[in-house]
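Shown below: query.txt, with compact mmCIF, N, CA, C and O atoms.
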# COMPACT_ATOMS: atom_id res chain seq x y z
N MET A 1 0.85 -1.16 0.00
CA MET A 1 0.00 0.00 0.00
C MET A 1 0.90 1.23 0.00
O MET A 1 1.83 1.34 0.79
N GLY A 2 0.60 2.15 -0.89
CA GLY A 2 1.42 3.34 -1.03
C GLY A 2 1.11 4.40 0.01
O GLY A 2 0.14 4.33 0.76
N LYS A 3 1.98 5.38 0.04
CA LYS A 3 1.84 6.49 0.99
C LYS A 3 0.55 7.26 0.74
O LYS A 3 -0.15 7.64 1.70
N ASN A 4 0.20 7.48 -0.52
CA ASN A 4 -1.03 8.21 -0.84
C ASN A 4 -2.27 7.45 -0.40
O ASN A 4 -3.22 8.04 0.11
N SER A 5 -2.27 6.14 -0.60
CA SER A 5 -3.41 5.32 -0.16
C SER A 5 -3.57 5.38 1.35
O SER A 5 -4.69 5.45 1.86
N LEU A 6 -2.46 5.34 2.05
CA LEU A 6 -2.51 5.41 3.51
C LEU A 6 -3.10 6.74 3.98
O LEU A 6 -3.96 6.76 4.86
N TRP A 7 -2.67 7.84 3.36
CA TRP A 7 -3.21 9.15 3.72
C TRP A 7 -4.70 9.25 3.39
O TRP A 7 -5.46 9.88 4.13
N ALA A 8 -5.12 8.65 2.29
CA ALA A 8 -6.54 8.67 1.92
C ALA A 8 -7.37 7.91 2.96
O ALA A 8 -8.43 8.38 3.39
N ILE A 9 -6.88 6.76 3.38
CA ILE A 9 -7.59 5.95 4.38
C ILE A 9 -7.65 6.69 5.72
O ILE A 9 -8.70 6.73 6.38
N ILE A 10 -6.54 7.29 6.11
CA ILE A 10 -6.52 8.06 7.36
C ILE A 10 -7.49 9.24 7.28
O ILE A 10 -8.22 9.52 8.24
N THR A 11 -7.51 9.92 6.15
CA THR A 11 -8.41 11.07 5.98
C THR A 11 -9.86 10.66 6.11
O THR A 11 -10.64 11.31 6.82
N VAL A 12 -10.25 9.60 5.42
CA VAL A 12 -11.64 9.12 5.51
C VAL A 12 -11.95 8.70 6.95
O VAL A 12 -13.02 9.03 7.48
N GLY A 13 -11.03 8.01 7.59
CA GLY A 13 -11.25 7.60 8.97
C GLY A 13 -11.46 8.77 9.92
O GLY A 13 -12.38 8.78 10.74
N VAL A 14 -10.62 9.79 9.78
CA VAL A 14 -10.75 10.97 10.63
C VAL A 14 -12.06 11.70 10.35
O VAL A 14 -12.75 12.13 11.28
N MET A 15 -12.41 11.82 9.07
CA MET A 15 -13.67 12.50 8.73
C MET A 15 -14.88 11.74 9.26
O MET A 15 -15.84 12.34 9.74
N VAL A 16 -14.84 10.42 9.19
CA VAL A 16 -15.95 9.61 9.70
C VAL A 16 -16.04 9.77 11.23
O VAL A 16 -17.14 9.91 11.78
N LEU A 17 -14.90 9.77 11.91
CA LEU A 17 -14.91 9.94 13.37
C LEU A 17 -15.43 11.32 13.77
O LEU A 17 -16.23 11.44 14.71
N ILE A 18 -14.99 12.35 13.06
CA ILE A 18 -15.49 13.69 13.35
C ILE A 18 -16.99 13.77 13.08
O ILE A 18 -17.75 14.33 13.88
N ASN A 19 -17.42 13.18 11.97
CA ASN A 19 -18.84 13.17 11.63
C ASN A 19 -19.65 12.45 12.69
O ASN A 19 -20.72 12.92 13.11
N TRP A 20 -19.17 11.32 13.15
CA TRP A 20 -19.85 10.56 14.20
C TRP A 20 -19.92 11.39 15.48
O TRP A 20 -20.96 11.43 16.15
N GLY A 21 -18.82 12.06 15.83
CA GLY A 21 -18.79 12.88 17.03
C GLY A 21 -19.77 14.04 16.96
O GLY A 21 -20.49 14.33 17.92
N VAL A 22 -19.84 14.71 15.81
CA VAL A 22 -20.77 15.83 15.63
C VAL A 22 -22.21 15.33 15.70
O VAL A 22 -23.06 15.93 16.35
N ALA A 23 -22.48 14.21 15.03
CA ALA A 23 -23.84 13.66 15.04
C ALA A 23 -24.25 13.24 16.45
O ALA A 23 -25.39 13.47 16.87
N SER A 24 -23.33 12.66 17.19
CA SER A 24 -23.63 12.27 18.58
C SER A 24 -23.85 13.48 19.46
O SER A 24 -24.76 13.51 20.29
N PHE A 25 -23.02 14.50 19.28
CA PHE A 25 -23.12 15.71 20.11
C PHE A 25 -24.45 16.41 19.90
O PHE A 25 -25.06 16.88 20.85
N PHE A 26 -24.90 16.49 18.66
CA PHE A 26 -26.15 17.17 18.34
C PHE A 26 -27.35 16.22 18.31
O PHE A 26 -28.44 16.62 17.91
N SER A 27 -27.16 14.97 18.69
CA SER A 27 -28.21 13.95 18.71
C SER A 27 -28.90 13.83 17.36
O SER A 27 -30.13 13.77 17.27
N GLY A 28 -28.11 13.80 16.30
CA GLY A 28 -28.66 13.68 14.96
C GLY A 28 -28.19 12.40 14.30
O GLY A 28 -27.51 11.58 14.92
N GLU A 29 -28.55 12.24 13.05
CA GLU A 29 -28.10 11.08 12.30
C GLU A 29 -26.80 11.40 11.58
O GLU A 29 -26.54 12.55 11.22
N PHE A 30 -26.03 10.37 11.37
CA PHE A 30 -24.72 10.50 10.73
C PHE A 30 -24.83 11.19 9.38
O PHE A 30 -24.06 12.11 9.07
N ILE A 31 -25.80 10.80 8.58
CA ILE A 31 -25.93 11.31 7.21
C ILE A 31 -26.30 12.80 7.20
O ILE A 31 -25.97 13.52 6.26
N GLU A 32 -26.96 13.27 8.24
CA GLU A 32 -27.39 14.67 8.28
C GLU A 32 -26.21 15.64 8.28
O GLU A 32 -26.33 16.77 7.82
N TYR A 33 -25.10 15.22 8.83
CA TYR A 33 -23.96 16.11 8.98
C TYR A 33 -22.81 15.80 8.03
O TYR A 33 -21.84 16.54 7.97
N SER A 34 -22.90 14.72 7.29
CA SER A 34 -21.76 14.28 6.47
C SER A 34 -21.42 15.27 5.36
O SER A 34 -20.24 15.57 5.14
N PHE A 35 -22.40 15.78 4.64
CA PHE A 35 -22.10 16.72 3.56
C PHE A 35 -21.54 18.03 4.11
O PHE A 35 -20.54 18.55 3.61
N LEU A 36 -22.18 18.55 5.14
CA LEU A 36 -21.70 19.80 5.74
C LEU A 36 -20.28 19.64 6.27
O LEU A 36 -19.44 20.52 6.08
N LEU A 37 -20.02 18.54 6.93
CA LEU A 37 -18.66 18.28 7.43
C LEU A 37 -17.66 18.23 6.29
O LEU A 37 -16.56 18.79 6.39
N GLY A 38 -18.02 17.58 5.19
CA GLY A 38 -17.13 17.51 4.03
C GLY A 38 -16.79 18.89 3.49
O GLY A 38 -15.64 19.18 3.18
N VAL A 39 -17.79 19.75 3.41
CA VAL A 39 -17.55 21.12 2.91
C VAL A 39 -16.65 21.88 3.88
O VAL A 39 -15.73 22.59 3.46
N VAL A 40 -16.88 21.75 5.16
CA VAL A 40 -16.06 22.44 6.16
C VAL A 40 -14.62 21.96 6.10
O VAL A 40 -13.67 22.77 6.09
N VAL A 41 -14.41 20.65 6.03
CA VAL A 41 -13.05 20.10 5.98
C VAL A 41 -12.36 20.53 4.69
O VAL A 41 -11.18 20.92 4.70
N MET A 42 -13.06 20.51 3.56
CA MET A 42 -12.46 20.97 2.29
C MET A 42 -12.05 22.43 2.38
O MET A 42 -10.97 22.81 1.91
N THR A 43 -12.87 23.27 3.00
CA THR A 43 -12.56 24.69 3.14
C THR A 43 -11.32 24.89 4.01
O THR A 43 -10.44 25.68 3.68
N ILE A 44 -11.26 24.17 5.11
CA ILE A 44 -10.10 24.27 6.00
C ILE A 44 -8.84 23.81 5.29
O ILE A 44 -7.78 24.46 5.37
N LEU A 45 -8.91 22.69 4.58
CA LEU A 45 -7.74 22.19 3.84
C LEU A 45 -7.32 23.17 2.75
O LEU A 45 -6.12 23.40 2.55
N TRP A 46 -8.28 23.75 2.05
CA TRP A 46 -7.95 24.73 1.02
C TRP A 46 -7.23 25.92 1.63
O TRP A 46 -6.24 26.40 1.10
N PHE A 47 -7.72 26.40 2.78
CA PHE A 47 -7.11 27.55 3.43
C PHE A 47 -5.66 27.27 3.83
O PHE A 47 -4.78 28.10 3.62
N PHE A 48 -5.40 26.09 4.39
CA PHE A 48 -4.06 25.79 4.87
C PHE A 48 -3.11 25.31 3.77
O PHE A 48 -1.90 25.25 4.00
N ASN A 49 -3.62 24.96 2.60
CA ASN A 49 -2.77 24.52 1.49
C ASN A 49 -2.58 25.59 0.43
O ASN A 49 -2.06 25.31 -0.64
N SER A 50 -3.02 26.81 0.70
CA SER A 50 -2.89 27.86 -0.30
C SER A 50 -1.95 28.95 0.21
O SER A 50 -1.77 29.13 1.41
N LYS A 51 -1.37 29.67 -0.73
CA LYS A 51 -0.51 30.80 -0.42
C LYS A 51 -1.10 32.03 -1.10
O LYS A 51 -1.79 31.92 -2.09
N GLY A 52 -0.79 33.18 -0.56
CA GLY A 52 -1.33 34.41 -1.14
C GLY A 52 -2.72 34.65 -0.63
O GLY A 52 -3.16 34.08 0.35
N GLY A 53 -3.43 35.54 -1.28
CA GLY A 53 -4.80 35.82 -0.89
C GLY A 53 -4.89 36.89 0.18
O GLY A 53 -3.94 37.62 0.47
N TYR A 54 -6.05 37.00 0.80
CA TYR A 54 -6.36 38.08 1.72
C TYR A 54 -5.46 38.08 2.95
O TYR A 54 -4.93 39.12 3.35
N ALA A 55 -5.30 36.92 3.61
CA ALA A 55 -4.52 36.87 4.84
C ALA A 55 -3.07 37.27 4.59
O ALA A 55 -2.49 38.05 5.36
N SER A 56 -2.47 36.76 3.54
CA SER A 56 -1.09 37.10 3.22
C SER A 56 -0.94 38.57 2.87
O SER A 56 0.04 39.22 3.27
N ASN A 57 -1.89 39.12 2.14
CA ASN A 57 -1.83 40.53 1.77
C ASN A 57 -1.96 41.44 2.98
O ASN A 57 -1.28 42.46 3.07
N SER A 58 -2.81 41.11 3.93
CA SER A 58 -2.97 41.96 5.11
C SER A 58 -1.70 41.93 5.96
O SER A 58 -1.29 42.97 6.49
N VAL A 59 -1.05 40.77 6.08
CA VAL A 59 0.22 40.69 6.81
C VAL A 59 1.29 41.49 6.08
O VAL A 59 2.04 42.26 6.69
N ARG A 60 1.35 41.34 4.77
CA ARG A 60 2.34 42.05 3.96
C ARG A 60 2.17 43.56 4.08
O ARG A 60 3.14 44.30 4.29
N LEU A 61 0.94 44.03 4.01
CA LEU A 61 0.68 45.47 4.12
C LEU A 61 1.00 46.01 5.51
O LEU A 61 1.50 47.12 5.66
N GLY A 62 0.72 45.18 6.53
CA GLY A 62 1.07 45.59 7.90
C GLY A 62 2.57 45.73 8.09
O GLY A 62 3.05 46.68 8.73
N ILE A 63 3.34 44.81 7.54
CA ILE A 63 4.79 44.87 7.64
C ILE A 63 5.31 46.08 6.86
O ILE A 63 6.19 46.80 7.34
N GLN A 64 4.77 46.31 5.68
CA GLN A 64 5.18 47.47 4.89
C GLN A 64 4.90 48.76 5.63
O GLN A 64 5.71 49.69 5.61
N ALA A 65 3.76 48.85 6.30
CA ALA A 65 3.40 50.07 7.03
C ALA A 65 4.34 50.32 8.20
O ALA A 65 4.71 51.45 8.49
N ARG A 66 4.77 49.25 8.88
CA ARG A 66 5.64 49.39 10.05
C ARG A 66 7.09 49.67 9.67
O ARG A 66 7.77 50.43 10.34
N THR A 67 7.56 48.99 8.64
CA THR A 67 8.99 49.08 8.30
C THR A 67 9.28 50.07 7.19
O THR A 67 10.40 50.56 7.09
N GLY A 68 8.32 50.35 6.35
CA GLY A 68 8.55 51.23 5.21
C GLY A 68 9.22 50.52 4.05
O GLY A 68 9.52 51.13 3.03
N LEU A 69 9.48 49.23 4.18
CA LEU A 69 10.10 48.45 3.10
C LEU A 69 9.04 47.87 2.20
O LEU A 69 8.02 47.36 2.65
N LYS A 70 9.29 47.93 0.90
CA LYS A 70 8.36 47.37 -0.09
C LYS A 70 8.57 45.86 -0.14
O LYS A 70 9.68 45.39 -0.31
N ILE A 71 7.49 45.10 0.00
CA ILE A 71 7.54 43.64 -0.06
C ILE A 71 6.73 43.20 -1.26
O ILE A 71 5.62 43.67 -1.49
N GLU A 72 7.32 42.30 -2.04
CA GLU A 72 6.63 41.79 -3.24
C GLU A 72 5.34 41.08 -2.84
O GLU A 72 5.29 40.34 -1.88
N GLU A 73 4.29 41.31 -3.65
CA GLU A 73 3.02 40.63 -3.42
C GLU A 73 3.15 39.18 -3.86
O GLU A 73 3.64 38.88 -4.95
N GLU A 74 2.69 38.29 -3.01
CA GLU A 74 2.75 36.86 -3.31
C GLU A 74 1.52 36.49 -4.12
O GLU A 74 0.39 36.80 -3.75
N LYS A 75 1.75 35.83 -5.24
CA LYS A 75 0.62 35.41 -6.07
C LYS A 75 -0.14 34.29 -5.37
O LYS A 75 0.45 33.44 -4.72
N GLN A 76 -1.45 34.32 -5.56
CA GLN A 76 -2.27 33.29 -4.94
C GLN A 76 -2.01 31.96 -5.61
O GLN A 76 -2.04 31.84 -6.83
N LYS A 77 -1.74 30.94 -4.80
CA LYS A 77 -1.41 29.62 -5.32
C LYS A 77 -2.01 28.56 -4.40
O LYS A 77 -2.01 28.72 -3.19
N PHE A 78 -2.51 27.51 -5.00
CA PHE A 78 -3.10 26.42 -4.24
C PHE A 78 -2.41 25.12 -4.62
O PHE A 78 -2.26 24.82 -5.80
N ASN A 79 -1.99 24.38 -3.62
CA ASN A 79 -1.33 23.08 -3.83
C ASN A 79 -2.20 21.96 -3.27
O ASN A 79 -2.11 21.64 -2.09
N PRO A 80 -3.07 21.38 -4.10
CA PRO A 80 -3.93 20.30 -3.58
C PRO A 80 -3.11 19.06 -3.23
O PRO A 80 -2.11 18.76 -3.88
N THR A 81 -3.55 18.38 -2.20
CA THR A 81 -2.89 17.17 -1.74
C THR A 81 -3.86 16.00 -1.85
O THR A 81 -5.03 16.17 -2.17
N VAL A 82 -3.35 14.81 -1.56
CA VAL A 82 -4.20 13.61 -1.55
C VAL A 82 -5.31 13.77 -0.52
O VAL A 82 -6.45 13.37 -0.76
N VAL A 83 -5.00 14.39 0.60
CA VAL A 83 -5.99 14.61 1.65
C VAL A 83 -7.13 15.49 1.12
O VAL A 83 -8.31 15.21 1.37
N PHE A 84 -6.79 16.54 0.37
CA PHE A 84 -7.82 17.42 -0.19
C PHE A 84 -8.68 16.67 -1.20
O PHE A 84 -9.91 16.78 -1.18
N TYR A 85 -8.06 15.90 -2.08
CA TYR A 85 -8.83 15.14 -3.07
C TYR A 85 -9.71 14.10 -2.39
O TYR A 85 -10.84 13.85 -2.83
N THR A 86 -9.23 13.52 -1.30
CA THR A 86 -10.04 12.55 -0.55
C THR A 86 -11.24 13.25 0.08
O THR A 86 -12.35 12.71 0.08
N ALA A 87 -11.03 14.46 0.59
CA ALA A 87 -12.14 15.23 1.17
C ALA A 87 -13.18 15.57 0.10
O ALA A 87 -14.38 15.55 0.37
N ILE A 88 -12.72 15.86 -1.12
CA ILE A 88 -13.66 16.11 -2.23
C ILE A 88 -14.47 14.85 -2.50
O ILE A 88 -15.69 14.91 -2.67
N GLY A 89 -13.81 13.71 -2.54
CA GLY A 89 -14.52 12.45 -2.77
C GLY A 89 -15.52 12.15 -1.68
O GLY A 89 -16.67 11.75 -1.96
N TYR A 90 -15.14 12.35 -0.43
CA TYR A 90 -16.03 12.13 0.71
C TYR A 90 -17.26 13.04 0.60
O TYR A 90 -18.39 12.59 0.79
N THR A 91 -17.02 14.30 0.27
CA THR A 91 -18.12 15.26 0.16
C THR A 91 -19.06 14.90 -0.99
O THR A 91 -20.28 14.99 -0.85
N THR A 92 -18.50 14.47 -2.10
CA THR A 92 -19.31 14.08 -3.26
C THR A 92 -20.18 12.87 -2.93
O THR A 92 -21.39 12.85 -3.22
N VAL A 93 -19.57 11.85 -2.33
CA VAL A 93 -20.33 10.66 -1.94
C VAL A 93 -21.40 11.03 -0.91
O VAL A 93 -22.54 10.56 -1.00
N ALA A 94 -21.05 11.88 0.05
CA ALA A 94 -22.02 12.30 1.06
C ALA A 94 -23.19 13.04 0.43
O ALA A 94 -24.34 12.86 0.83
N LEU A 95 -22.91 13.88 -0.57
CA LEU A 95 -23.98 14.62 -1.26
C LEU A 95 -24.93 13.66 -1.98
O LEU A 95 -26.15 13.78 -1.86
N VAL A 96 -24.37 12.69 -2.69
CA VAL A 96 -25.20 11.72 -3.42
C VAL A 96 -26.05 10.91 -2.45
O VAL A 96 -27.27 10.75 -2.66
N ILE A 97 -25.45 10.44 -1.37
CA ILE A 97 -26.20 9.64 -0.40
C ILE A 97 -27.27 10.50 0.28
O ILE A 97 -28.39 10.04 0.52
N THR A 98 -26.96 11.75 0.57
CA THR A 98 -27.93 12.66 1.20
C THR A 98 -29.11 12.90 0.26
O THR A 98 -30.27 12.89 0.70
N ILE A 99 -28.84 13.10 -1.01
CA ILE A 99 -29.92 13.31 -1.98
C ILE A 99 -30.81 12.07 -2.06
O ILE A 99 -32.04 12.17 -2.06
N ILE A 100 -30.20 10.90 -2.12
CA ILE A 100 -30.98 9.65 -2.18
C ILE A 100 -31.78 9.47 -0.89
O ILE A 100 -32.96 9.10 -0.92
N TYR A 101 -31.17 9.75 0.25
CA TYR A 101 -31.82 9.56 1.55
C TYR A 101 -33.03 10.48 1.72
O TYR A 101 -34.05 10.07 2.27
N TYR A 102 -32.91 11.72 1.24
CA TYR A 102 -33.98 12.69 1.43
C TYR A 102 -34.84 12.93 0.19
O TYR A 102 -35.64 13.86 0.17
N LYS A 103 -34.73 12.09 -0.85
CA LYS A 103 -35.49 12.35 -2.09
C LYS A 103 -37.00 12.29 -1.86
O LYS A 103 -37.73 13.07 -2.45
N ASP A 104 -37.47 11.41 -1.00
CA ASP A 104 -38.89 11.33 -0.72
C ASP A 104 -39.39 12.60 -0.02
O ASP A 104 -40.52 13.02 -0.21
N TYR A 105 -38.53 13.21 0.77
CA TYR A 105 -38.90 14.44 1.47
C TYR A 105 -39.17 15.57 0.48
O TYR A 105 -40.08 16.37 0.67
N PHE A 106 -38.36 15.64 -0.58
CA PHE A 106 -38.51 16.72 -1.55
C PHE A 106 -39.53 16.43 -2.64
O PHE A 106 -40.07 17.34 -3.24
N THR A 107 -39.79 15.15 -2.91
CA THR A 107 -40.72 14.83 -3.99
C THR A 107 -42.16 14.69 -3.49
O THR A 107 -43.07 14.54 -4.29
N GLY A 108 -42.33 14.68 -2.24
CA GLY A 108 -43.71 14.72 -1.86
C GLY A 108 -44.24 13.86 -0.85
O GLY A 108 -45.30 13.74 -0.51

For the structure just supplied, provide its representation as structure tokens.
Amino acid sequence: MGKNSLWAIITVGVMVLINWGVASFFSGEFIEYSFLLGVVVMTILWFFNSKGGYASNSVRLGIQARTGLKIEEEKQKFNPTVVFYTAIGYTTVALVITIIYYKDYFTG
């Protein structure tokens, strides 16, 4: 088993445990929180795997204001990892299962 496969399995395991914990805490069903959890985890992973953007610019401007030195603007860049792609897969599967689970609710 490769390193990427191991990280994918760990990611799914952690997401399932977090989902179970959230569902238990709020006394809900596992499926009710799975899609939302997937979106939250993807957003957090995107934030920590990207460079540039608003946070970097505000720090850069603060340093420039204090020191008077011009600092080059960092271009926004995102480096997706296996963990991020696994979170996308988890979220997609959760969305499909949620739609199937609640289809009777929306159709009548």

**OP:** Tell me, in Å to one decimal, how far atom CA of Gly62 of chain A is from atom CA of Thr43 of chain A.
**Re:**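 Result for atom CA of Gly62 of chain A versus atom CA of Thr43 of chain A: 25.4 Å, one decimal.
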
**OP:** Could you give me, as a ChimeraX atom specification, the residues within 6 Å of segment 80-90 of chain A, counting all atoms listed in the file and dropping anything in the same chain fewer than 6 positions from it?
**Re:** /A:4,7-8,34,38,42,49

Original post:
DSSP on the backbone: what in chain A comes out strand (DSSP E), as a PyMOL selection string?
Top reply: chain A and resi 50-51+77-78

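Reported to one decimal place, the separation of atom O of Ile97 of chain A from atom C of Lys3 of chain A is 29.1 Å.
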
Original post:
Nearest to Phe47 of chain A among A:Ser24, A:Lys77, A:Val16, A:Gly2, with distances taken over all atoms listed in the file: which residue is it?
Top reply: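 Result for the nearest residue to Phe47 of chain A: A:Lys77.
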
**OP:** Can you work out the spacing between atom C of Asp104 of chain A and atom N of Thr91 of chain A in Å, to one decimal?
**Re:** 22.4 Å

Original post:
Contacts of Tyr33 of chain A at 8 Å or less, counting only N, CA, C and O atoms, minus same-chain residues fewer than 6 places along, as a PyMOL selection string?
Top reply: chain A and resi 15+18-20+22-23+39-40+94

Original post:
Where does DSSP see helix (DSSP H, G or I) in chain A, if you list the residues as a PyMOL selection string?
Top reply: chain A and resi 3-25+30-48+53-67+82-107
